[in-house]
Amino acid sequence: MGAVKQKGEGRRKQKRRKDAGLIAGIRYDIRHNPYLCLLCVPTIIWFVIFAYAPLVYLLVAFKKYSATAGLWGSEWVGFKNFEAFFGSNSFYNVTFNTIFLNALFILATMFFSILIAIALSEISGKYFKKTTQSIVILPHFISWTVIAMLCEALLKTNNGFVNNILVALGFERINFYQNADVWPALLTILRIWQGAGYGSIVYLAAITGFDQEMYEAARVDGATRGQCIRYLTLPLLKTTAVMLFIMNIGKIFNGDFGMIYNLVGTNSMLYRTTDVIDTYVYRMLVESTNVGQSSAVSLWQSIMGFITVMFANWVTKKADPDSAMF
């Protein structure tokens, strides 16, 4: 018992020293770099106003909110808003769809982002490299509304581009907007096309910062490009990839409302595989105007995302402490 107490006391002392060092470091920066610290003030104000001040409205999740009564005057209902969501028939479906689709998006986008970054890093022509990088990043700036219009033109049953190709190859037409099974794959392809190029920027920046002497030494020893990628680039990218993966894991309970709603809309025939928590909450808010239930679901999403991030970081810290975020 004595050894355990000493160990615990040692950890507390170490934490106090670390906190004291952090505070001393902040004071040093304020004293010696006041103008640089002033640059942080607008960002701090923005976070206080738009991220921390609204936290008080989390109480809406535990109330039967009324706009006329206000936050403090609304009736307190405890966990009834949560029970209404957990007890609904859609709870399991929208939760599974949210996790499943986000898992597909995260893994597929990360894989292709790394692939694009490695491909761009291997391009030697300066102008060709810049042109290619601009082309692969461009889809990120296209609105999901525009993408939805393009998809409608491509996926029409009668004269859509995709169905015309299928018929020319001897296959039957596919009614995409009545076949829910094909949409997880379609949404994943669209997410890769829209986000993989933009996501490759971080990996490309990391590759650019690698020590080029290692690559030169490997080439002198007879290593091919493929071997350099396999034994140098990929291992060195591991820390960056794991860090971004943990950050993305925090969003696994948050469906991309803009993407899903623009592409699927109110097509109830596709809800089985595409309805996520965010679109469900939106419909519930529009149809029932129950702000309390919508806030309860949003709070549940945030809590589950936080737990997921902490768990993913804990697992990473056990497996490879250098790759953990904290």
# chains A, B, ... in the order shown; residues from 1 in each chain; ligands from 1
>>> closest_atom_pairs(of="stretch 146-167 of chain A", to="stretch 257-281 of chain A", cutoff="10 Å", atoms="only C-alpha atoms", output="CSV")
residue,atom,partner,partner_atom,distance
A:Val146,CA,A:Asn262,CA,9.0
A:Ile147,CA,A:Leu263,CA,7.9
A:Ala148,CA,A:Leu263,CA,5.0
A:Met149,CA,A:Leu263,CA,8.3
A:Leu150,CA,A:Leu263,CA,9.9
A:Cys151,CA,A:Leu263,CA,7.8
A:Glu152,CA,A:Leu263,CA,8.5
>>> write_last_selection(atoms="N, CA, C and O atoms", output="PDB file, in the first residue's frame")
ATOM      1  N   VAL A 146     -24.528  21.277 -55.856  1.00  0.00           N
ATOM      2  CA  VAL A 146     -24.116  21.101 -57.255  1.00  0.00           C
ATOM      3  C   VAL A 146     -23.833  19.626 -57.544  1.00  0.00           C
ATOM      4  O   VAL A 146     -24.224  19.096 -58.592  1.00  0.00           O
ATOM      5  N   ILE A 147     -23.172  18.956 -56.605  1.00  0.00           N
ATOM      6  CA  ILE A 147     -22.875  17.530 -56.779  1.00  0.00           C
ATOM      7  C   ILE A 147     -24.165  16.728 -56.864  1.00  0.00           C
ATOM      8  O   ILE A 147     -24.274  15.768 -57.648  1.00  0.00           O
ATOM      9  N   ALA A 148     -25.178  17.096 -56.073  1.00  0.00           N
ATOM     10  CA  ALA A 148     -26.461  16.398 -56.111  1.00  0.00           C
ATOM     11  C   ALA A 148     -27.130  16.550 -57.476  1.00  0.00           C
ATOM     12  O   ALA A 148     -27.720  15.592 -58.002  1.00  0.00           O
ATOM     13  N   MET A 149     -27.023  17.731 -58.069  1.00  0.00           N
ATOM     14  CA  MET A 149     -27.584  17.953 -59.405  1.00  0.00           C
ATOM     15  C   MET A 149     -26.845  17.124 -60.448  1.00  0.00           C
ATOM     16  O   MET A 149     -27.465  16.549 -61.366  1.00  0.00           O
ATOM     17  N   LEU A 150     -25.520  17.041 -60.323  1.00  0.00           N
ATOM     18  CA  LEU A 150     -24.744  16.210 -61.253  1.00  0.00           C
ATOM     19  C   LEU A 150     -25.121  14.737 -61.111  1.00  0.00           C
ATOM     20  O   LEU A 150     -25.256  14.020 -62.108  1.00  0.00           O
ATOM     21  N   CYS A 151     -25.300  14.300 -59.866  1.00  0.00           N
ATOM     22  CA  CYS A 151     -25.664  12.897 -59.629  1.00  0.00           C
ATOM     23  C   CYS A 151     -27.023  12.582 -60.229  1.00  0.00           C
ATOM     24  O   CYS A 151     -27.233  11.498 -60.791  1.00  0.00           O
ATOM     25  N   GLU A 152     -27.940  13.517 -60.094  1.00  0.00           N
ATOM     26  CA  GLU A 152     -29.277  13.289 -60.661  1.00  0.00           C
ATOM     27  C   GLU A 152     -29.200  13.130 -62.176  1.00  0.00           C
ATOM     28  O   GLU A 152     -29.896  12.295 -62.765  1.00  0.00           O
TER      29      GLU A 152
END
>>> residues_around(residues="A:Ala185", least_positions_apart="3", cutoff="10 Å", atoms="only C-alpha atoms", output="short mmCIF file (atom, residue, chain, number, x, y, z; two decimals) with N, CA and C atoms, in the first residue's frame")
data_model
loop_
_atom_site.label_atom_id
_atom_site.label_comp_id
_atom_site.auth_asym_id
_atom_site.auth_seq_id
_atom_site.Cartn_x
_atom_site.Cartn_y
_atom_site.Cartn_z
N LEU A 101 -21.48 4.48 -42.18
CA LEU A 101 -21.11 5.37 -43.28
C LEU A 101 -19.87 6.19 -42.93
N LEU A 104 -16.79 4.07 -43.24
CA LEU A 104 -16.42 3.95 -44.66
C LEU A 104 -15.74 5.22 -45.15
N PHE A 105 -16.32 6.37 -44.81
CA PHE A 105 -15.76 7.65 -45.26
C PHE A 105 -14.35 7.86 -44.72
N ASP A 181 -29.68 -0.20 -51.41
CA ASP A 181 -28.47 -1.00 -51.17
C ASP A 181 -27.23 -0.42 -51.85
N VAL A 182 -27.41 0.32 -52.94
CA VAL A 182 -26.25 0.82 -53.68
C VAL A 182 -25.72 2.14 -53.12
N THR A 188 -19.76 6.71 -50.55
CA THR A 188 -18.32 6.58 -50.28
C THR A 188 -17.50 7.06 -51.47
N ILE A 189 -17.92 6.69 -52.68
CA ILE A 189 -17.21 7.14 -53.89
C ILE A 189 -17.24 8.66 -54.00
N LEU A 190 -18.41 9.24 -53.73
CA LEU A 190 -18.53 10.69 -53.81
C LEU A 190 -17.69 11.38 -52.74
N ARG A 191 -17.64 10.79 -51.54
CA ARG A 191 -16.82 11.39 -50.48
C ARG A 191 -15.33 11.33 -50.85
#
>>> atom_distance(atom1="atom CA of A:Ile23", atom2="atom CA of A:Val41")
17.5 Å
>>> closest_atom_pairs(of="stretch 17-117 of chain A", to="stretch 121-145 of chain A", cutoff="10 Å", atoms="only C-alpha atoms", output="Markdown table")
| residue | atom | partner | partner_atom | distance |
| --- | --- | --- | --- | --- |
| A:Leu115 | CA | A:Ser121 | CA | 10.0 |
| A:Ile116 | CA | A:Val136 | CA | 8.5 |
| A:Ala117 | CA | A:Ser121 | CA | 6.1 |
>>> residues_around(residues="stretch 70-72 of chain A", least_positions_apart="2", cutoff="12 Å", atoms="only C-alpha atoms", output="list in words")
Pro54, Val56, Tyr57, Leu58, Leu59, Val60, Ala61, Phe62, Lys63, Lys64, Tyr65, Ser66, Ala67, Thr68, Ser74, Glu75, Trp76, Val291 and Gly292 of chain A
>>> write_last_selection(atoms="N, CA and C atoms", output="PDB file, in the first residue's frame")
ATOM      1  N   PRO A  54     -22.431  29.210 -25.750  1.00  0.00           N
ATOM      2  CA  PRO A  54     -23.675  28.469 -26.013  1.00  0.00           C
ATOM      3  C   PRO A  54     -23.816  27.169 -25.220  1.00  0.00           C
ATOM      4  N   VAL A  56     -24.335  26.703 -22.261  1.00  0.00           N
ATOM      5  CA  VAL A  56     -25.400  26.788 -21.265  1.00  0.00           C
ATOM      6  C   VAL A  56     -26.715  26.255 -21.824  1.00  0.00           C
ATOM      7  N   TYR A  57     -26.871  26.304 -23.147  1.00  0.00           N
ATOM      8  CA  TYR A  57     -28.110  25.842 -23.769  1.00  0.00           C
ATOM      9  C   TYR A  57     -28.178  24.321 -23.883  1.00  0.00           C
ATOM     10  N   LEU A  58     -27.168  23.635 -23.363  1.00  0.00           N
ATOM     11  CA  LEU A  58     -27.280  22.182 -23.243  1.00  0.00           C
ATOM     12  C   LEU A  58     -28.407  21.799 -22.296  1.00  0.00           C
ATOM     13  N   LEU A  59     -28.801  22.727 -21.443  1.00  0.00           N
ATOM     14  CA  LEU A  59     -29.923  22.476 -20.533  1.00  0.00           C
ATOM     15  C   LEU A  59     -31.224  22.233 -21.281  1.00  0.00           C
ATOM     16  N   VAL A  60     -31.298  22.715 -22.535  1.00  0.00           N
ATOM     17  CA  VAL A  60     -32.513  22.507 -23.336  1.00  0.00           C
ATOM     18  C   VAL A  60     -32.794  21.016 -23.514  1.00  0.00           C
ATOM     19  N   ALA A  61     -31.731  20.202 -23.533  1.00  0.00           N
ATOM     20  CA  ALA A  61     -31.904  18.755 -23.704  1.00  0.00           C
ATOM     21  C   ALA A  61     -32.679  18.139 -22.550  1.00  0.00           C
ATOM     22  N   PHE A  62     -32.731  18.818 -21.416  1.00  0.00           N
ATOM     23  CA  PHE A  62     -33.422  18.292 -20.239  1.00  0.00           C
ATOM     24  C   PHE A  62     -34.714  19.056 -19.945  1.00  0.00           C
ATOM     25  N   LYS A  63     -35.167  19.846 -20.911  1.00  0.00           N
ATOM     26  CA  LYS A  63     -36.366  20.649 -20.717  1.00  0.00           C
ATOM     27  C   LYS A  63     -37.347  20.478 -21.878  1.00  0.00           C
ATOM     28  N   LYS A  64     -38.600  20.806 -21.601  1.00  0.00           N
ATOM     29  CA  LYS A  64     -39.588  20.914 -22.669  1.00  0.00           C
ATOM     30  C   LYS A  64     -39.558  22.374 -23.107  1.00  0.00           C
ATOM     31  N   TYR A  65     -38.683  22.655 -24.036  1.00  0.00           N
ATOM     32  CA  TYR A  65     -38.349  24.041 -24.343  1.00  0.00           C
ATOM     33  C   TYR A  65     -39.518  24.765 -24.999  1.00  0.00           C
ATOM     34  N   SER A  66     -39.711  25.977 -24.528  1.00  0.00           N
ATOM     35  CA  SER A  66     -40.719  26.861 -25.101  1.00  0.00           C
ATOM     36  C   SER A  66     -40.057  28.208 -25.369  1.00  0.00           C
ATOM     37  N   ALA A  67     -40.205  28.704 -26.587  1.00  0.00           N
ATOM     38  CA  ALA A  67     -39.572  29.971 -26.957  1.00  0.00           C
ATOM     39  C   ALA A  67     -40.134  31.127 -26.149  1.00  0.00           C
ATOM     40  N   THR A  68     -41.413  31.056 -25.800  1.00  0.00           N
ATOM     41  CA  THR A  68     -42.025  32.150 -25.028  1.00  0.00           C
ATOM     42  C   THR A  68     -41.547  32.138 -23.574  1.00  0.00           C
ATOM     43  N   SER A  74     -38.687  27.319 -19.085  1.00  0.00           N
ATOM     44  CA  SER A  74     -39.237  26.086 -19.670  1.00  0.00           C
ATOM     45  C   SER A  74     -39.307  24.972 -18.638  1.00  0.00           C
ATOM     46  N   GLU A  75     -40.250  24.066 -18.872  1.00  0.00           N
ATOM     47  CA  GLU A  75     -40.491  22.975 -17.922  1.00  0.00           C
ATOM     48  C   GLU A  75     -39.353  21.962 -17.939  1.00  0.00           C
ATOM     49  N   TRP A  76     -38.891  21.573 -16.761  1.00  0.00           N
ATOM     50  CA  TRP A  76     -37.824  20.572 -16.619  1.00  0.00           C
ATOM     51  C   TRP A  76     -38.439  19.177 -16.756  1.00  0.00           C
ATOM     52  N   VAL A 291     -37.669  21.117 -29.822  1.00  0.00           N
ATOM     53  CA  VAL A 291     -36.285  21.549 -29.698  1.00  0.00           C
ATOM     54  C   VAL A 291     -35.560  20.733 -28.637  1.00  0.00           C
ATOM     55  N   GLY A 292     -36.268  20.334 -27.573  1.00  0.00           N
ATOM     56  CA  GLY A 292     -35.655  19.571 -26.492  1.00  0.00           C
ATOM     57  C   GLY A 292     -35.124  18.229 -26.958  1.00  0.00           C
TER      58      GLY A 292
END
>>> atom_distance(atom1="atom CA of A:Cys40", atom2="atom CA of A:Ala53")
18.2 Å
>>> residues_around(residues="A:Thr233", least_positions_apart="6", cutoff="9 Å", atoms="only C-alpha atoms", output="list in words")
Ile118, Ile207 and Phe210 of chain A
>>> write_last_selection(atoms="C-alpha atoms", output="PDB file, in the first residue's frame")
ATOM      1  CA  ILE A 118       2.572   9.746 -52.230  1.00  0.00           C
ATOM      2  CA  ILE A 207       6.263  13.951 -46.750  1.00  0.00           C
ATOM      3  CA  PHE A 210      10.992  14.234 -44.262  1.00  0.00           C
TER       4      PHE A 210
END
>>> select_by_dssp(residues="stretch 186-305 of chain A", states="helix (DSSP H, G or I)", output="ChimeraX atom specification")
/A:186-208,212-220,225-249,257-264,268-274,277-288,291-305
>>> residues_around(residues="A:Gly160", least_positions_apart="4", cutoff="12 Å", atoms="only C-alpha atoms", output="list in words")
Leu150, Cys151, Glu152, Ala153, Leu154, Leu155, Lys156, Asn164, Ile165, Leu166, Val167, Arg173, Ile174, Asn175, Phe176 and Tyr177 of chain A
>>> atom_distance(atom1="atom CA of A:Val297", atom2="atom CA of A:Gln178")
28.4 Å
>>> residues_around(residues="A:Tyr203", least_positions_apart="4", cutoff="8 Å", atoms="only C-alpha atoms", output="PyMOL selection string")
chain A and resi 113-114+117+199+207+237+240-241
